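Dumped protein-v7.pdb below, it's PDB, C-alpha atoms:
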```pdb
ATOM      1  CA  MET A   1       0.000   0.000   0.000
ATOM      2  CA  PHE A   2       2.837   2.351   0.909
ATOM      3  CA  ALA A   3       4.500   1.553  -2.443
ATOM      4  CA  VAL A   4       1.312   2.547  -4.315
ATOM      5  CA  LYS A   5       1.121   5.883  -2.458
ATOM      6  CA  LYS A   6       4.793   6.493  -3.138
ATOM      7  CA  ALA A   7       4.298   5.758  -6.889
ATOM      8  CA  LEU A   8       1.293   8.094  -7.094
ATOM      9  CA  ALA A   9       3.251  10.858  -5.354
ATOM     10  CA  ALA A  10       6.145  10.378  -7.763
ATOM     11  CA  ILE A  11       3.795  10.613 -10.752
ATOM     12  CA  GLY A  12       2.262  13.802  -9.290
ATOM     13  CA  ILE A  13       5.705  15.379  -8.821
ATOM     14  CA  ALA A  14       6.754  14.348 -12.337
ATOM     15  CA  LEU A  15       3.647  15.922 -13.807
ATOM     16  CA  ALA A  16       4.217  19.129 -11.877
ATOM     17  CA  LEU A  17       7.852  19.325 -12.985
ATOM     18  CA  THR A  18       7.064  18.755 -16.681
ATOM     19  CA  GLY A  19       4.262  21.278 -16.740
ATOM     20  CA  CYS A  20       1.579  18.743 -17.527
ATOM     21  CA  ALA A  21      -1.779  19.492 -16.087
ATOM     22  CA  PRO A  22      -4.945  17.539 -16.193
ATOM     23  CA  GLU A  23      -7.092  18.085 -19.247
ATOM     24  CA  PRO A  24      -9.502  20.999 -18.836
ATOM     25  CA  ALA A  25     -13.200  20.293 -19.012
ATOM     26  CA  PRO A  26     -14.368  19.933 -22.596
ATOM     27  CA  ARG A  27     -15.865  23.068 -24.085
ATOM     28  CA  ALA A  28     -18.958  23.144 -26.205
ATOM     29  CA  MET A  29     -18.214  22.893 -29.910
ATOM     30  CA  PRO A  30     -18.836  26.072 -31.900
ATOM     31  CA  PRO A  31     -21.957  25.881 -34.033
ATOM     32  CA  ALA A  32     -21.487  24.417 -37.484
ATOM     33  CA  PRO A  33     -21.715  26.881 -40.349
ATOM     34  CA  ALA A  34     -25.208  27.177 -41.839
ATOM     35  CA  SER A  35     -24.079  25.928 -45.227
ATOM     36  CA  PRO A  36     -20.671  25.093 -46.604
ATOM     37  CA  SER A  37     -19.116  27.601 -48.922
ATOM     38  CA  SER A  38     -18.751  26.570 -52.516
ATOM     39  CA  SER A  39     -14.989  26.417 -52.091
ATOM     40  CA  ALA A  40     -15.457  23.717 -49.429
ATOM     41  CA  ALA A  41     -17.179  21.306 -51.826
ATOM     42  CA  ASP A  42     -15.646  17.848 -51.963
ATOM     43  CA  PRO A  43     -14.090  17.544 -55.442
ATOM     44  CA  ALA A  44     -14.958  13.839 -55.755
ATOM     45  CA  ALA A  45     -18.588  14.483 -54.803
ATOM     46  CA  THR A  46     -18.722  17.381 -57.253
ATOM     47  CA  VAL A  47     -17.409  15.227 -60.107
ATOM     48  CA  ALA A  48     -19.886  12.474 -59.204
ATOM     49  CA  TRP A  49     -22.749  14.980 -59.183
ATOM     50  CA  MET A  50     -21.739  16.426 -62.562
ATOM     51  CA  ASN A  51     -21.403  12.910 -63.969
ATOM     52  CA  GLY A  52     -24.991  12.191 -62.938
ATOM     53  CA  PHE A  53     -26.271  15.532 -64.216
ATOM     54  CA  CYS A  54     -24.561  15.170 -67.585
ATOM     55  CA  GLY A  55     -25.522  11.500 -67.741
ATOM     56  CA  ALA A  56     -29.234  12.223 -67.386
ATOM     57  CA  VAL A  57     -29.059  14.732 -70.243
ATOM     58  CA  LYS A  58     -26.859  12.496 -72.374
ATOM     59  CA  ASP A  59     -29.307   9.599 -71.955
ATOM     60  CA  PHE A  60     -32.118  11.906 -73.098
ATOM     61  CA  ILE A  61     -30.151  12.952 -76.191
ATOM     62  CA  ASP A  62     -29.327   9.320 -77.020
ATOM     63  CA  GLY A  63     -32.991   8.344 -76.650
ATOM     64  CA  ASN A  64     -34.099  11.319 -78.706
ATOM     65  CA  ASN A  65     -31.762  10.245 -81.501
ATOM     66  CA  LYS A  66     -33.471   6.823 -81.528
ATOM     67  CA  MET A  67     -37.016   8.186 -81.771
ATOM     68  CA  PRO A  68     -39.029   6.299 -84.357
ATOM     69  CA  ALA A  69     -40.218   8.260 -87.356
ATOM     70  CA  ALA A  70     -43.899   8.859 -87.811
ATOM     71  CA  GLY A  71     -45.360   7.804 -91.105
ATOM     72  CA  GLY A  72     -47.716   5.501 -92.904
ATOM     73  CA  ASP A  73     -49.992   5.230 -95.899
ATOM     74  CA  THR A  74     -53.281   5.936 -94.154
ATOM     75  CA  VAL A  75     -54.473   8.433 -91.558
ATOM     76  CA  GLU A  76     -54.919   5.527 -89.140
ATOM     77  CA  ALA A  77     -51.348   4.296 -89.695
ATOM     78  CA  ILE A  78     -49.965   7.810 -89.305
ATOM     79  CA  THR A  79     -51.976   8.284 -86.108
ATOM     80  CA  LYS A  80     -50.625   5.021 -84.694
ATOM     81  CA  SER A  81     -47.033   5.855 -85.574
ATOM     82  CA  THR A  82     -47.441   9.351 -84.103
ATOM     83  CA  SER A  83     -48.794   7.807 -80.894
ATOM     84  CA  ASP A  84     -45.793   5.467 -80.796
ATOM     85  CA  GLN A  85     -43.479   8.434 -81.318
ATOM     86  CA  LEU A  86     -45.177  10.381 -78.524
ATOM     87  CA  GLY A  87     -44.914   7.341 -76.248
ATOM     88  CA  HIS A  88     -41.199   7.007 -76.942
ATOM     89  CA  TYR A  89     -40.631  10.692 -76.263
ATOM     90  CA  ALA A  90     -42.668  10.581 -73.051
ATOM     91  CA  SER A  91     -40.639   7.582 -71.908
ATOM     92  CA  ILE A  92     -37.229   9.186 -72.432
ATOM     93  CA  LEU A  93     -38.439  12.426 -70.851
ATOM     94  CA  GLY A  94     -39.728  10.471 -67.854
ATOM     95  CA  LYS A  95     -36.379   8.718 -67.455
ATOM     96  CA  THR A  96     -34.612  12.078 -67.640
ATOM     97  CA  VAL A  97     -36.872  13.603 -64.993
ATOM     98  CA  ASP A  98     -36.271  10.548 -62.793
ATOM     99  CA  GLY A  99     -32.501  10.737 -63.363
ATOM    100  CA  LEU A 100     -32.339  14.413 -62.465
ATOM    101  CA  GLY A 101     -34.575  13.853 -59.458
ATOM    102  CA  ALA A 102     -32.321  11.046 -58.211
ATOM    103  CA  LEU A 103     -29.205  13.213 -58.119
ATOM    104  CA  PRO A 104     -27.564  13.366 -54.686
ATOM    105  CA  PRO A 105     -27.608  16.646 -52.756
ATOM    106  CA  ALA A 106     -25.997  19.436 -54.724
ATOM    107  CA  PRO A 107     -22.339  20.031 -53.833
ATOM    108  CA  VAL A 108     -22.584  23.783 -54.506
ATOM    109  CA  PRO A 109     -25.532  26.198 -54.853
ATOM    110  CA  ALA A 110     -25.050  26.568 -58.616
ATOM    111  CA  ALA A 111     -25.776  22.851 -58.970
ATOM    112  CA  ASP A 112     -29.195  23.318 -57.362
ATOM    113  CA  THR A 113     -29.953  26.133 -59.784
ATOM    114  CA  ALA A 114     -28.937  24.108 -62.852
ATOM    115  CA  LYS A 115     -30.834  21.042 -61.659
ATOM    116  CA  ALA A 116     -34.006  23.049 -60.980
ATOM    117  CA  ASP A 117     -33.836  24.693 -64.414
ATOM    118  CA  PHE A 118     -33.312  21.433 -66.298
ATOM    119  CA  LEU A 119     -35.830  19.541 -64.190
ATOM    120  CA  GLY A 120     -38.434  22.226 -64.869
ATOM    121  CA  LYS A 121     -37.890  22.085 -68.623
ATOM    122  CA  TYR A 122     -37.905  18.296 -68.864
ATOM    123  CA  THR A 123     -40.939  17.998 -66.594
ATOM    124  CA  ALA A 124     -42.885  20.534 -68.669
ATOM    125  CA  ALA A 125     -41.909  18.676 -71.854
ATOM    126  CA  ARG A 126     -42.906  15.311 -70.389
ATOM    127  CA  ASP A 127     -46.276  16.657 -69.287
ATOM    128  CA  LYS A 128     -46.987  18.216 -72.700
ATOM    129  CA  VAL A 129     -46.110  15.099 -74.655
ATOM    130  CA  ALA A 130     -48.038  12.846 -72.265
ATOM    131  CA  LYS A 131     -51.130  15.029 -72.726
ATOM    132  CA  ALA A 132     -50.666  15.061 -76.504
ATOM    133  CA  LYS A 133     -50.445  11.248 -76.536
ATOM    134  CA  ALA A 134     -53.471  10.817 -74.245
ATOM    135  CA  ASP A 135     -55.554  13.193 -76.378
ATOM    136  CA  LEU A 136     -54.487  11.505 -79.613
ATOM    137  CA  ASP A 137     -55.169   8.030 -78.238
ATOM    138  CA  ALA A 138     -58.630   9.137 -77.059
ATOM    139  CA  ALA A 139     -59.548  10.534 -80.493
ATOM    140  CA  LYS A 140     -60.864   8.529 -83.406
ATOM    141  CA  ARG A 141     -58.084   7.078 -85.554
ATOM    142  CA  SER A 142     -59.338   9.057 -88.542
ATOM    143  CA  ASP A 143     -59.367  12.425 -86.698
ATOM    144  CA  THR A 144     -56.837  14.522 -88.618
ATOM    145  CA  ALA A 145     -57.360  17.521 -86.301
ATOM    146  CA  ALA A 146     -56.323  15.342 -83.323
ATOM    147  CA  GLN A 147     -53.279  14.277 -85.328
ATOM    148  CA  ALA A 148     -52.342  17.944 -85.922
ATOM    149  CA  ARG A 149     -52.817  18.790 -82.214
ATOM    150  CA  ALA A 150     -50.595  15.841 -81.262
ATOM    151  CA  VAL A 151     -47.836  17.063 -83.570
ATOM    152  CA  ASP A 152     -48.177  20.560 -82.080
ATOM    153  CA  GLY A 153     -47.889  19.031 -78.591
ATOM    154  CA  LEU A 154     -44.757  17.146 -79.606
ATOM    155  CA  MET A 155     -43.186  20.296 -81.027
ATOM    156  CA  ALA A 156     -44.010  22.249 -77.839
ATOM    157  CA  ALA A 157     -42.451  19.495 -75.738
ATOM    158  CA  GLN A 158     -39.353  19.451 -77.923
ATOM    159  CA  LYS A 159     -39.002  23.213 -77.543
ATOM    160  CA  ASP A 160     -38.964  22.836 -73.738
ATOM    161  CA  ALA A 161     -36.564  19.884 -73.743
ATOM    162  CA  HIS A 162     -34.218  21.394 -76.295
ATOM    163  CA  GLY A 163     -33.779  24.363 -73.973
ATOM    164  CA  ALA A 164     -31.873  22.023 -71.653
ATOM    165  CA  LEU A 165     -29.377  20.121 -73.777
ATOM    166  CA  ASP A 166     -26.048  21.536 -72.588
ATOM    167  CA  PRO A 167     -25.441  20.630 -68.948
ATOM    168  CA  VAL A 168     -21.914  22.074 -68.942
ATOM    169  CA  LYS A 169     -23.072  25.458 -70.229
ATOM    170  CA  ALA A 170     -25.607  25.512 -67.390
ATOM    171  CA  VAL A 171     -22.815  25.479 -64.770
ATOM    172  CA  LEU A 172     -20.193  27.747 -66.320
ATOM    173  CA  ASP A 173     -20.707  30.342 -63.571
ATOM    174  CA  SER A 174     -19.429  27.827 -61.010
ATOM    175  CA  PRO A 175     -15.673  27.181 -61.083
ATOM    176  CA  GLU A 176     -16.125  23.979 -59.036
ATOM    177  CA  LEU A 177     -18.741  22.548 -61.381
ATOM    178  CA  THR A 178     -16.874  23.620 -64.512
ATOM    179  CA  LYS A 179     -13.728  21.918 -63.221
ATOM    180  CA  ALA A 180     -15.736  18.802 -62.301
ATOM    181  CA  ALA A 181     -17.370  18.719 -65.737
ATOM    182  CA  ALA A 182     -13.934  18.627 -67.337
ATOM    183  CA  THR A 183     -13.179  15.295 -65.652
ATOM    184  CA  ALA A 184     -16.665  13.753 -65.378
ATOM    185  CA  GLU A 185     -16.880  10.920 -67.900
ATOM    186  CA  ARG A 186     -20.523  11.520 -68.859
ATOM    187  CA  CYS A 187     -19.870  15.225 -69.542
ATOM    188  CA  ARG A 188     -17.566  14.435 -72.444
ATOM    189  CA  PRO A 189     -19.026  14.794 -75.949
TER
END
```

Could you take the file, read its structure, and then write that structure out as structure tokens?
Amino acid sequence: MFAVKKALAAIGIALALTGCAPEPAPRAMPPAPASPSSSAADPAATVAWMNGFCGAVKDFIDGNNKMPAAGGDTVEAITKSTSDQLGHYASILGKTVDGLGALPPAPVPAADTAKADFLGKYTAARDKVAKAKADLDAAKRSDTAAQARAVDGLMAAQKDAHGALDPVKAVLDSPELTKAAATAERCRP
């Protein structure tokens, strides 16, 4: 017992001589910043986000390039092929909306802005083409006016979607996103 007291006293003297003191009570951590600055964005997360953003648009463009042509020898055949075309376009627009919606949280504020802009355009296009298809499918196969309205709906949808074809241009105001786009695989032409 005496040896234990002697050892504890020696440790106490050694601590006093070396200037070591017991740890002070922990202080409360300062509050976390409200939102990280754009310069604090994780480069890997930013590249991954841009890859997803560009990928959703690239998939739309690839699908658009595979859209079947409308045609036929009769009004009924043309109406059916137009309906098929509208269905294809609605499908690729739906996939694009889903792809943009599935993006992880934006690494910088400019990413939120670009995503919202593109999502708005693709959603509006999807809704227009879906309505055009539903209206055409509900009309009589020989209704040429319904056919004309469907084509007008497709053109209106294309106008919306074609306003969102360059994902890199949409982020040029953000140095972090521009740099990420340069290395993101799906952002390459």

- request: Expand the PyMOL selection byres ((chain A and resi 157-166) around 6) into the individual residues it matches in the shown file, reporting them as a PyMOL selection string.
  value: chain A and resi 118+121-122+125+128-129+154-156+167-169

- prompt: Using only C-alpha atoms, which residues sit within 12 Å of region 108-111 of chain A once same-chain residues fewer than 6 positions away are excluded, as a VMD selection string?
  reply: chain A and resid 35 to 43 45 to 54 100 117 to 119 167 to 178 180 to 181

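By all atoms listed in the file, and with residues fewer than 4 positions from Gly55 (chain A) along its chain excluded, the set lying at most 9 Å from it is Met50, Asn51, Asp59, Phe60, Gly99, Glu185, Arg186 and Cys187 of chain A.
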
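CA of Thr74 (chain A) to CA of Ser142 (chain A) spans 8.8 Å [interatomic distance, one decimal].
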
From A:Ala138, A:Ala124, A:Ala182, A:Ala44, residue lying nearest Thr96 (chain A) [only C-alpha atoms]: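 Smallest separation from Thr96 (chain A) among the options: A:Ala124.
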
Write out as a PDB file with C-alpha atoms, in the coordinates of the input the residues lying within 12 Å of region 76-81 of chain A, counting only C-alpha atoms and excluding same-chain residues fewer than 5 positions away.
```
ATOM      1  CA  MET A  67     -37.016   8.186 -81.771  1.00  0.00           C
ATOM      2  CA  PRO A  68     -39.029   6.299 -84.357  1.00  0.00           C
ATOM      3  CA  ALA A  69     -40.218   8.260 -87.356  1.00  0.00           C
ATOM      4  CA  ALA A  70     -43.899   8.859 -87.811  1.00  0.00           C
ATOM      5  CA  GLY A  71     -45.360   7.804 -91.105  1.00  0.00           C
ATOM      6  CA  LEU A  86     -45.177  10.381 -78.524  1.00  0.00           C
ATOM      7  CA  GLY A  87     -44.914   7.341 -76.248  1.00  0.00           C
ATOM      8  CA  HIS A  88     -41.199   7.007 -76.942  1.00  0.00           C
ATOM      9  CA  ALA A 132     -50.666  15.061 -76.504  1.00  0.00           C
ATOM     10  CA  LYS A 133     -50.445  11.248 -76.536  1.00  0.00           C
ATOM     11  CA  ASP A 135     -55.554  13.193 -76.378  1.00  0.00           C
ATOM     12  CA  LEU A 136     -54.487  11.505 -79.613  1.00  0.00           C
ATOM     13  CA  ASP A 137     -55.169   8.030 -78.238  1.00  0.00           C
ATOM     14  CA  ALA A 138     -58.630   9.137 -77.059  1.00  0.00           C
ATOM     15  CA  ALA A 139     -59.548  10.534 -80.493  1.00  0.00           C
ATOM     16  CA  LYS A 140     -60.864   8.529 -83.406  1.00  0.00           C
ATOM     17  CA  ARG A 141     -58.084   7.078 -85.554  1.00  0.00           C
ATOM     18  CA  SER A 142     -59.338   9.057 -88.542  1.00  0.00           C
ATOM     19  CA  ASP A 143     -59.367  12.425 -86.698  1.00  0.00           C
ATOM     20  CA  THR A 144     -56.837  14.522 -88.618  1.00  0.00           C
ATOM     21  CA  ALA A 145     -57.360  17.521 -86.301  1.00  0.00           C
ATOM     22  CA  ALA A 146     -56.323  15.342 -83.323  1.00  0.00           C
ATOM     23  CA  GLN A 147     -53.279  14.277 -85.328  1.00  0.00           C
ATOM     24  CA  ALA A 148     -52.342  17.944 -85.922  1.00  0.00           C
ATOM     25  CA  ARG A 149     -52.817  18.790 -82.214  1.00  0.00           C
ATOM     26  CA  ALA A 150     -50.595  15.841 -81.262  1.00  0.00           C
ATOM     27  CA  VAL A 151     -47.836  17.063 -83.570  1.00  0.00           C
TER      28      VAL A 151
END
```

- prompt: In Å to one decimal, how far is CA of Ala134 (chain A) from CA of Lys66 (chain A)?
  reply: 21.7 Å

The centre and edge lengths of an axis-aligned box containing all atoms of region 52-55 of chain A present in the file, extended by 3 Å on each side, are to be given in Å to one decimal, as lines of an AutoDock Vina configuration file.
```
center_x = -25.4
center_y = 13.5
center_z = -65.3
size_x = 7.7
size_y = 10.0
size_z = 10.8
```

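For the residues A:Asn65, A:Thr113, A:Gln85, A:Thr123, ranking by smallest atom-to-atom distance to Asp98 (chain A) using only C-alpha atoms places A:Thr123 first.
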
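You can rank A:Val57, A:Lys179, A:Pro189, A:Tyr89 by their closest distance to Ala114 (chain A) using only C-alpha atoms, and at the top of that list sits A:Val57.
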
- prompt: So how far away is CA of Gly94 (chain A) from CA of Gly153 (chain A), in Å?
  reply: 16.0 Å
